[in-house]
$ cat model-v4.csv   # CSV, C-alpha atoms
chain,number,residue,atom,x,y,z
A,29,MET,CA,47.9,101.0,157.0
A,30,ARG,CA,47.2,97.2,156.9
A,31,TYR,CA,46.6,95.3,153.7
A,32,PRO,CA,44.0,92.7,154.5
A,33,ARG,CA,44.3,90.8,151.2
A,34,LEU,CA,48.0,90.1,152.1
A,35,ARG,CA,47.2,88.8,155.5
A,36,THR,CA,46.7,85.1,156.2
A,37,THR,CA,43.8,83.6,158.0
A,38,TRP,CA,46.3,81.5,160.1
A,39,ASP,CA,45.5,80.7,163.7
A,40,ILE,CA,47.8,78.9,166.0
A,41,GLN,CA,47.2,75.1,165.6
A,42,SER,CA,50.4,73.7,167.1
A,43,GLU,CA,50.1,70.3,168.7
A,44,MET,CA,53.9,70.0,169.0
A,45,PRO,CA,55.5,71.5,172.1
A,46,LEU,CA,59.1,72.7,171.7
A,47,GLU,CA,60.5,70.0,173.9
A,48,ALA,CA,58.9,67.3,171.7
A,49,SER,CA,60.4,68.9,168.5
A,50,ARG,CA,63.8,69.0,170.2
A,51,ARG,CA,63.5,65.3,171.1
A,52,LEU,CA,62.5,64.3,167.6
A,53,PHE,CA,65.3,66.3,165.9
A,54,SER,CA,67.8,64.9,168.4
A,55,ASN,CA,66.7,61.3,167.5
A,56,TYR,CA,66.9,62.2,163.8
A,57,TYR,CA,70.4,63.4,164.4
A,58,HIS,CA,71.5,60.2,166.1
A,59,LEU,CA,70.0,57.9,163.5
A,60,LEU,CA,71.1,59.9,160.4
A,61,ARG,CA,74.6,60.1,161.9
A,62,HIS,CA,74.9,56.3,162.2
A,63,MET,CA,73.3,55.7,158.8
A,64,VAL,CA,75.8,58.0,157.1
A,65,HIS,CA,78.6,56.3,159.0
A,66,LEU,CA,77.4,52.8,158.1
A,67,HIS,CA,76.7,53.7,154.4
A,68,MET,CA,80.3,55.0,154.3
A,69,GLY,CA,81.6,51.7,155.8
A,70,TRP,CA,79.7,49.4,153.5
A,71,MET,CA,80.1,51.1,150.1
A,72,PRO,CA,83.7,50.0,149.5
A,73,ARG,CA,82.8,46.5,150.6
A,74,VAL,CA,80.1,46.2,147.9
A,75,GLY,CA,81.2,44.6,144.6
A,76,SER,CA,78.5,45.9,142.3
A,77,LEU,CA,79.2,49.3,140.6
A,78,ASP,CA,75.4,49.9,140.5
A,79,VAL,CA,75.1,49.5,144.2
A,80,LYS,CA,78.1,51.6,144.9
A,81,VAL,CA,76.5,54.4,142.8
A,82,LEU,CA,73.2,54.0,144.6
A,83,MET,CA,74.8,54.2,148.0
A,84,GLY,CA,77.1,57.1,147.0
A,85,ILE,CA,74.1,59.2,145.9
A,86,HIS,CA,72.1,58.4,149.0
A,87,VAL,CA,74.9,58.9,151.5
A,88,TYR,CA,75.4,62.4,150.2
A,89,GLU,CA,71.7,63.3,150.6
A,90,ASP,CA,71.6,61.7,154.1
A,91,ALA,CA,74.7,63.7,155.0
A,92,VAL,CA,72.9,66.9,153.9
A,93,PHE,CA,70.0,65.8,156.1
A,94,LEU,CA,72.4,65.4,159.0
A,95,ALA,CA,73.9,68.8,158.4
A,96,VAL,CA,70.5,70.4,158.2
A,97,THR,CA,69.3,68.6,161.3
A,98,THR,CA,72.5,69.9,163.1
A,99,LYS,CA,71.6,73.4,162.1
A,100,ARG,CA,68.0,73.0,163.1
A,101,LEU,CA,69.0,71.7,166.5
A,102,LYS,CA,71.1,74.8,167.1
A,103,TYR,CA,68.1,77.0,166.2
A,104,LEU,CA,66.0,75.0,168.7
A,105,GLY,CA,68.5,75.8,171.4
A,106,LEU,CA,70.5,72.5,171.6
A,107,ASP,CA,74.2,71.9,171.1
A,108,PRO,CA,74.5,68.9,168.6
A,109,MET,CA,77.9,68.1,170.1
A,110,ASN,CA,76.4,67.6,173.6
A,111,LEU,CA,73.2,65.8,173.0
A,112,ASP,CA,72.0,63.2,175.4
A,113,ALA,CA,72.6,59.6,174.2
A,114,PRO,CA,69.8,57.9,172.3
A,115,GLY,CA,67.1,56.2,174.5
A,116,PRO,CA,67.1,52.4,174.8
A,117,GLU,CA,64.7,51.8,171.8
A,118,LEU,CA,66.8,53.9,169.4
A,119,ALA,CA,70.1,52.5,170.8
A,120,ILE,CA,69.0,48.9,170.2
A,121,LEU,CA,68.0,49.8,166.6
A,122,ILE,CA,71.4,51.4,166.0
A,123,ASP,CA,73.1,48.4,167.5
A,124,HIS,CA,71.2,46.0,165.2
A,125,LEU,CA,72.2,48.1,162.2
A,126,GLU,CA,75.9,48.1,163.3
A,127,LYS,CA,76.0,44.4,163.9
A,128,PHE,CA,74.8,43.2,160.5
A,129,GLY,CA,77.6,41.1,158.9
A,130,THR,CA,76.8,41.7,155.2
A,131,TRP,CA,75.9,44.7,153.1
A,132,GLU,CA,72.8,42.8,151.9
A,133,GLU,CA,71.4,42.7,155.4
A,134,TYR,CA,72.2,46.3,156.0
A,135,VAL,CA,70.5,47.7,152.9
A,136,ALA,CA,67.5,45.3,153.4
A,137,ALA,CA,66.9,46.7,156.9
A,138,VAL,CA,67.4,50.4,155.9
A,139,TYR,CA,65.3,50.4,152.7
A,140,ASN,CA,62.6,48.0,153.8
A,141,VAL,CA,62.1,49.3,157.3
A,142,VAL,CA,64.1,52.3,158.5
A,143,LYS,CA,63.6,54.8,155.7
A,144,PRO,CA,59.8,53.9,155.3
A,145,GLY,CA,59.5,54.2,159.1
A,146,LEU,CA,61.3,57.6,159.1
A,147,ILE,CA,58.8,58.8,156.4
A,148,ASP,CA,55.9,57.9,158.7
A,149,VAL,CA,57.5,59.8,161.6
A,150,TRP,CA,58.4,62.8,159.5
A,151,GLU,CA,54.9,63.0,158.0
A,152,GLN,CA,53.4,62.9,161.5
A,153,HIS,CA,55.9,65.6,162.7
A,154,PHE,CA,55.1,67.7,159.7
A,155,THR,CA,51.3,67.5,160.3
A,156,GLN,CA,51.5,68.2,164.1
A,157,THR,CA,53.9,71.1,164.1
A,158,ASP,CA,52.5,74.6,163.4
A,159,MET,CA,52.6,75.8,159.8
A,160,VAL,CA,53.8,79.3,160.7
A,161,LEU,CA,55.2,79.0,164.2
A,162,ASP,CA,57.5,76.1,163.2
A,163,GLU,CA,57.7,76.7,159.4
A,164,PRO,CA,61.5,76.1,159.4
A,165,SER,CA,61.0,72.5,160.7
A,166,ARG,CA,58.2,71.9,158.1
A,167,ARG,CA,60.5,73.0,155.3
A,168,VAL,CA,63.2,70.7,156.5
A,169,LEU,CA,60.8,67.8,156.9
A,170,SER,CA,59.3,68.4,153.4
A,171,ASP,CA,62.7,68.0,151.8
A,172,PHE,CA,63.4,64.9,153.9
A,173,LEU,CA,60.1,63.3,152.8
A,174,ARG,CA,60.5,64.1,149.1
A,175,ILE,CA,64.1,62.8,148.8
A,176,THR,CA,63.8,59.8,151.0
A,177,SER,CA,60.8,58.6,149.0
A,178,GLN,CA,63.1,58.5,146.0
A,179,HIS,CA,65.7,56.6,148.1
A,180,ILE,CA,63.1,53.9,148.9
A,181,SER,CA,62.2,53.5,145.2
A,182,GLY,CA,65.8,52.8,144.3
A,183,GLY,CA,66.4,50.7,147.4
A,184,MET,CA,63.4,48.5,146.9
A,185,ALA,CA,64.5,47.8,143.3
A,186,LEU,CA,67.8,46.6,144.7
A,187,ILE,CA,66.1,44.5,147.4
A,188,GLU,CA,63.9,42.8,144.7
A,189,THR,CA,67.1,41.9,142.8
A,190,LEU,CA,68.6,40.4,146.0
A,191,LEU,CA,65.5,38.5,146.8
A,192,GLY,CA,65.5,37.1,143.2
A,193,MET,CA,68.9,35.6,143.9
A,194,ARG,CA,67.3,33.2,146.4
A,195,GLY,CA,69.6,31.0,148.5
A,196,PRO,CA,71.7,32.4,151.4
A,197,VAL,CA,71.4,36.1,150.2
A,198,SER,CA,67.6,36.0,150.0
A,199,LYS,CA,67.5,34.4,153.5
A,200,ARG,CA,69.7,37.1,155.0
A,201,VAL,CA,67.6,39.8,153.4
A,202,HIS,CA,64.4,38.3,154.9
A,203,GLN,CA,66.0,37.8,158.3
A,204,ALA,CA,67.4,41.3,158.5
A,205,THR,CA,64.1,42.9,157.5
A,206,SER,CA,62.2,40.8,160.1
A,207,THR,CA,64.7,41.7,162.9
A,208,ILE,CA,64.4,45.4,162.3
A,209,ARG,CA,60.7,45.4,161.6
A,210,ASP,CA,60.0,43.5,164.9
A,211,HIS,CA,62.0,46.1,166.8
A,212,TRP,CA,60.6,49.2,165.0
A,213,PHE,CA,56.9,48.3,165.4
A,214,GLN,CA,56.9,47.3,169.0
A,215,GLY,CA,54.8,50.2,170.4
A,216,THR,CA,56.4,53.6,169.9
A,217,SER,CA,58.9,53.8,167.0
A,218,PRO,CA,62.6,54.2,168.1
A,219,VAL,CA,62.9,57.8,166.7
A,220,GLU,CA,59.8,58.9,168.7
A,221,ALA,CA,61.0,57.4,172.0
A,222,GLU,CA,62.4,59.3,174.8
A,223,GLN,CA,66.1,60.1,174.9
A,224,GLY,CA,68.6,58.5,177.3
A,225,SER,CA,71.1,60.2,179.6
A,226,GLY,CA,74.8,60.9,179.3
A,227,LYS,CA,76.8,61.9,176.2
A,228,ALA,CA,76.1,60.1,173.0
A,229,PRO,CA,78.8,57.7,172.0
A,230,LEU,CA,80.6,57.9,168.7
A,231,PRO,CA,79.8,55.3,166.0
A,232,SER,CA,82.2,52.4,165.8
A,233,PRO,CA,84.2,51.8,162.6
A,234,ARG,CA,84.4,48.4,161.0
A,235,PRO,CA,87.7,46.6,160.8
A,236,SER,CA,90.2,48.2,158.4
A,237,LEU,CA,89.8,47.4,154.7
A,238,ASP,CA,92.9,46.5,152.7
A,239,ILE,CA,91.2,45.9,149.3
A,240,PRO,CA,87.8,47.1,148.1
A,241,ARG,CA,85.4,44.7,146.4
A,242,ARG,CA,84.8,44.5,142.6
A,243,GLU,CA,82.5,42.4,140.5
A,244,SER,CA,83.7,38.9,139.7
A,245,PHE,CA,84.0,39.8,136.0
A,246,CYS,CA,86.6,42.6,136.7
A,247,TYR,CA,90.1,41.2,136.1
A,248,GLN,CA,92.6,42.6,138.6
A,249,SER,CA,95.9,42.9,136.9
A,250,PRO,CA,99.3,43.4,138.7
A,251,ASP,CA,100.4,45.5,135.7
A,252,GLU,CA,100.6,49.2,135.9
A,253,PRO,CA,97.5,51.1,134.5
A,254,PRO,CA,97.8,52.5,131.0
A,255,ALA,CA,100.0,55.5,130.5
A,256,SER,CA,98.5,59.0,130.5
A,257,ILE,CA,97.6,60.6,127.3
A,258,GLU,CA,99.6,63.7,126.5
A,259,VAL,CA,97.7,66.9,126.0
A,260,GLY,CA,97.6,67.7,122.2
A,261,VAL,CA,99.2,64.4,121.2
A,262,PRO,CA,96.9,62.2,119.0
A,263,ALA,CA,95.9,58.8,120.5
A,264,SER,CA,94.3,55.8,119.1
A,265,GLU,CA,90.7,54.8,119.9
A,266,GLU,CA,92.0,51.8,121.8
A,267,THR,CA,94.1,54.1,124.0
A,268,VAL,CA,91.2,56.5,124.6
A,269,ARG,CA,89.0,53.5,125.5
A,270,ALA,CA,91.6,52.2,128.0
A,271,MET,CA,92.0,55.6,129.6
A,272,LEU,CA,88.3,56.2,129.9
A,273,HIS,CA,88.0,52.8,131.6
A,274,GLU,CA,90.9,53.6,133.9
A,275,GLN,CA,89.4,57.0,134.7
A,276,LEU,CA,86.2,55.3,135.7
A,277,HIS,CA,88.1,53.0,138.0
A,278,ARG,CA,89.9,55.9,139.6
A,279,GLU,CA,86.6,57.7,140.3
A,280,ILE,CA,85.4,54.6,142.1
A,281,VAL,CA,88.6,54.3,144.1
A,282,SER,CA,88.3,58.0,145.1
A,283,ALA,CA,84.8,57.5,146.3
A,284,GLU,CA,85.8,54.5,148.3
A,285,ILE,CA,88.8,56.4,149.9
A,286,CYS,CA,86.5,59.3,150.9
A,287,ALA,CA,84.0,56.8,152.3
A,288,LEU,CA,86.7,55.1,154.5
A,289,LEU,CA,88.1,58.5,155.6
A,290,SER,CA,84.7,59.4,156.9
A,291,HIS,CA,83.8,56.0,158.3
A,292,GLU,CA,87.1,55.5,160.2
A,293,ASN,CA,87.1,59.0,161.7
A,294,PRO,CA,83.6,59.4,163.2
A,295,GLY,CA,84.9,62.1,165.6
A,296,PHE,CA,85.7,64.5,162.8
A,297,PRO,CA,83.3,67.5,162.4
A,298,ILE,CA,80.0,67.0,160.7
A,299,ASP,CA,81.1,69.3,157.9
A,300,PHE,CA,84.0,66.9,157.1
A,301,HIS,CA,81.6,64.0,156.7
A,302,LYS,CA,79.3,66.2,154.5
A,303,ASP,CA,82.3,67.2,152.3
A,304,MET,CA,83.4,63.6,152.0
A,305,ALA,CA,79.9,62.6,151.0
A,306,ARG,CA,79.8,65.4,148.4
A,307,TRP,CA,83.1,64.2,147.0
A,308,ILE,CA,81.6,60.6,146.8
A,309,TRP,CA,78.5,61.8,145.1
A,310,ASP,CA,80.5,63.6,142.5
A,311,GLU,CA,82.7,60.6,141.9
A,312,VAL,CA,79.9,58.1,141.5
A,313,ARG,CA,78.1,60.4,139.1
A,314,HIS,CA,81.4,60.7,137.2
A,315,ALA,CA,81.5,56.9,137.1
A,316,GLN,CA,78.0,56.9,135.6
A,317,VAL,CA,79.0,59.4,133.0
A,318,LEU,CA,82.2,57.6,132.1
A,319,GLU,CA,80.4,54.3,131.8
A,320,SER,CA,78.0,56.0,129.3
A,321,LEU,CA,80.9,57.4,127.3
A,322,LEU,CA,82.5,54.0,127.2
A,323,GLY,CA,79.4,52.7,125.5
A,324,LYS,CA,79.8,55.4,122.9
A,325,VAL,CA,83.5,54.6,122.2
A,326,GLY,CA,83.5,51.3,120.4
A,327,GLU,CA,80.7,50.0,122.6
A,328,THR,CA,83.0,49.4,125.5
A,329,THR,CA,81.7,48.1,128.8
A,330,TRP,CA,82.8,48.3,132.4
A,331,GLY,CA,85.2,45.4,133.2
A,332,GLU,CA,86.4,45.1,129.6
A,333,PHE,CA,89.9,46.3,130.6
A,334,PRO,CA,92.0,45.1,133.5
A,335,ILE,CA,92.0,47.1,136.7
A,336,ASN,CA,94.9,47.7,139.2
A,337,LEU,CA,94.3,48.4,142.9
A,338,GLU,CA,97.8,49.5,143.8
A,339,GLY,CA,96.6,53.1,143.9
A,340,PHE,CA,94.1,52.2,146.5
A,341,ARG,CA,96.7,50.3,148.5
A,342,HIS,CA,99.1,53.2,148.3
A,343,LEU,CA,96.5,55.7,149.5
A,344,ARG,CA,95.6,53.5,152.4
A,345,THR,CA,99.2,53.6,153.7
A,346,LEU,CA,99.0,57.4,154.2
A,347,PRO,CA,97.6,59.3,157.2
A,348,PRO,CA,94.3,61.0,156.5
A,349,SER,CA,95.9,64.4,155.5
A,350,GLY,CA,98.1,62.5,153.1
A,351,GLN,CA,95.2,60.6,151.6
A,352,LEU,CA,93.3,63.8,151.0
A,353,ARG,CA,96.2,65.5,149.3
A,354,GLU,CA,97.2,62.5,147.1
A,355,LEU,CA,93.6,61.7,146.3
A,356,VAL,CA,93.3,64.8,144.0
A,357,LYS,CA,96.4,63.6,142.0
A,358,HIS,CA,95.0,60.0,141.9
A,359,THR,CA,91.7,61.0,140.3
A,360,GLY,CA,93.7,62.6,137.5
A,361,GLY,CA,92.3,66.0,136.6
A,362,ARG,CA,95.2,66.3,134.1
A,363,ASP,CA,94.1,63.1,132.3
A,364,ILE,CA,90.6,64.4,132.0
A,365,ALA,CA,92.0,67.6,130.4
A,366,ALA,CA,94.0,65.5,128.0
A,367,LEU,CA,91.0,63.3,127.1
A,368,ARG,CA,89.0,66.4,126.3
A,369,ASN,CA,91.2,67.0,123.3
A,370,HIS,CA,90.3,63.7,121.6
A,371,THR,CA,87.1,64.6,119.8
A,372,ARG,CA,88.0,62.8,116.6
A,373,ILE,CA,86.9,59.4,117.7
A,374,ASP,CA,84.2,57.1,116.5
A,375,MET,CA,81.3,58.1,118.7
A,376,ARG,CA,77.6,58.5,118.0
A,377,ASP,CA,77.6,61.9,119.8
A,378,THR,CA,81.1,63.2,119.1
A,379,ASN,CA,80.5,66.7,120.3
A,380,VAL,CA,79.3,65.5,123.7
A,381,PHE,CA,82.8,64.1,124.6
A,382,PRO,CA,84.6,67.4,125.5
A,383,HIS,CA,81.5,69.0,126.8
A,384,VAL,CA,80.9,66.2,129.3
A,385,LEU,CA,84.6,66.1,130.4
A,386,GLU,CA,84.5,69.9,131.2
A,387,TYR,CA,82.0,69.2,133.9
A,388,LEU,CA,84.1,66.4,135.3
A,389,GLN,CA,87.2,68.6,135.4
A,390,THR,CA,85.3,71.4,137.2
A,391,ASP,CA,84.2,69.0,139.9
A,392,GLU,CA,87.8,67.8,140.4
A,393,GLU,CA,88.9,71.4,140.9
A,394,ALA,CA,86.2,71.7,143.7
A,395,HIS,CA,87.6,68.5,145.2
A,396,GLU,CA,91.0,70.1,145.4
A,397,ALA,CA,89.6,72.9,147.5
A,398,ILE,CA,88.0,70.3,149.8
A,399,SER,CA,91.3,68.4,150.0
A,400,HIS,CA,93.3,71.5,151.0
A,401,LYS,CA,90.7,72.6,153.5
A,402,TRP,CA,90.6,69.4,155.5
A,403,ALA,CA,94.3,68.4,155.1
A,404,ASP,CA,95.3,71.8,156.5
A,405,TRP,CA,92.8,71.4,159.3
A,406,LEU,CA,94.2,68.0,160.2
A,407,ASP,CA,97.7,69.4,160.1
A,408,GLN,CA,96.6,72.0,162.6
A,409,GLN,CA,95.2,69.4,164.9
A,410,GLY,CA,98.7,67.9,165.1
$ encode --input "model-v4.csv" --output "structure tokens"
Amino acid sequence: MRYPRLRTTWDIQSEMPLEASRRLFSNYYHLLRHMVHLHMGWMPRVGSLDVKVLMGIHVYEDAVFLAVTTKRLKYLGLDPMNLDAPGPELAILIDHLEKFGTWEEYVAAVYNVVKPGLIDVWEQHFTQTDMVLDEPSRRVLSDFLRITSQHISGGMALIETLLGMRGPVSKRVHQATSTIRDHWFQGTSPVEAEQGSGKAPLPSPRPSLDIPRRESFCYQSPDEPPASIEVGVPASEETVRAMLHEQLHREIVSAEICALLSHENPGFPIDFHKDMARWIWDEVRHAQVLESLLGKVGETTWGEFPINLEGFRHLRTLPPSGQLRELVKHTGGRDIAALRNHTRIDMRDTNVFPHVLEYLQTDEEAHEAISHKWADWLDQQG
């Protein structure tokens, strides 16, 4: 027996041949792969904590897009590891993005042109592909559209700030936007163009980074960071403030190390880059939380205590597997556990303190699992 009231009135309306959908998802893959790669490379080279946080959030979501696109390509009958190279139009766009010499130019191009351009293409793809026949693609595209619109809102606020600085920075922002816009809008957009031939090349890493950037008001001290708080041992408010500040700095360093591990190893599996992006996302959120807690403990602000970058330098001397294993120790899950015991401090929301730190500690335990997973994989690769 049929149930007419449960049946749809759908009729095939597809204007999108399978081959066209494959081409579009292949181009999404190429562009997203390079954007994740470039975000990872630029984030440690940005001084501003606010911009690091913005890039850390967005790189995770773009890495999720990349992983979803990889999965969709497989369902469409393509092997993401053996795609044809990008066509000339998309290859030129990627080359422009890779050659920008400052992070201001890169973010201007991405948030002013590339992401809005992708929204236009995704909306057109969503409209032209059939609502039942290709519903999986439409669901993917719907998420891409919703989240990328949020990216543009945050990115444009950043660009307005950069433009307000005037001088050389403002000129670089204008020039980068003009360069990419001229290329994007010359006829067919790069992500709608035909593919090239031959295997797609890996993204190229930037030169090695010895020291990450910090804001000019952050004093870099050669002294060792403050000693850890012992679990169950009372500590002064000043010590708690110093440790919260140090923990915030450790979270930033961890995000930067993960970014460089991804950026400098573009040939690693897509799941590796997604896991590094997830780790980054957690750490920049932790930085936001800790900055808020600092404001509640004696109205402390970021940069009020000296920072030490020896931990970053040490991690950078290790091979990737060593960095992954040491990174868990560097972030200091034990110190978070100790801080949770200090509820008798002068805060407006005293009960929030241990509650918030429980979340942070849980995330650090998840990072330990990621660390073991990929360090063991690297060891197996020899």
$ residues_around --input "model-v4.csv" --residues "stretch 338-345 of chain A" --least-positions-apart "5" --cutoff "10 Å" --atoms "only C-alpha atoms" --output "count of residues only"
25
$ closest_residue --input "model-v4.csv" --among "A:Glu274, A:Glu117, A:Glu132, A:Glu332" --to "A:Tyr247" --atoms "all atoms listed in the file"
A:Glu332
$ closest_residue --input "model-v4.csv" --among "A:Asp299, A:Phe333, A:Phe245, A:Lys324" --to "A:Ser76" --atoms "all atoms listed in the file"
A:Phe245
$ atom_distance --input "model-v4.csv" --atom1 "atom CA of A:Cys246" --atom2 "atom CA of A:Glu126"
29.2 Å
$ residues_around --input "model-v4.csv" --residues "stretch 182-190 of chain A" --least-positions-apart "3" --cutoff "6 Å" --atoms "all atoms listed in the file" --output "PyMOL selection string"
chain A and resi 139+179+193
$ residues_around --input "model-v4.csv" --residues "A:Val96" --least-positions-apart "6" --cutoff "12 Å" --atoms "all atoms listed in the file" --output "ChimeraX atom specification"
/A:53-54,56-57,60-61,89-90,102-103,108,164-165,167-169,171-172,298-299,302
$ atom_distance --input "model-v4.csv" --atom1 "atom CA of A:Val141" --atom2 "atom CA of A:Thr98"
23.8 Å
$ atom_distance --input "model-v4.csv" --atom1 "atom CA of A:Gln203" --atom2 "atom CA of A:Arg234"
21.4 Å
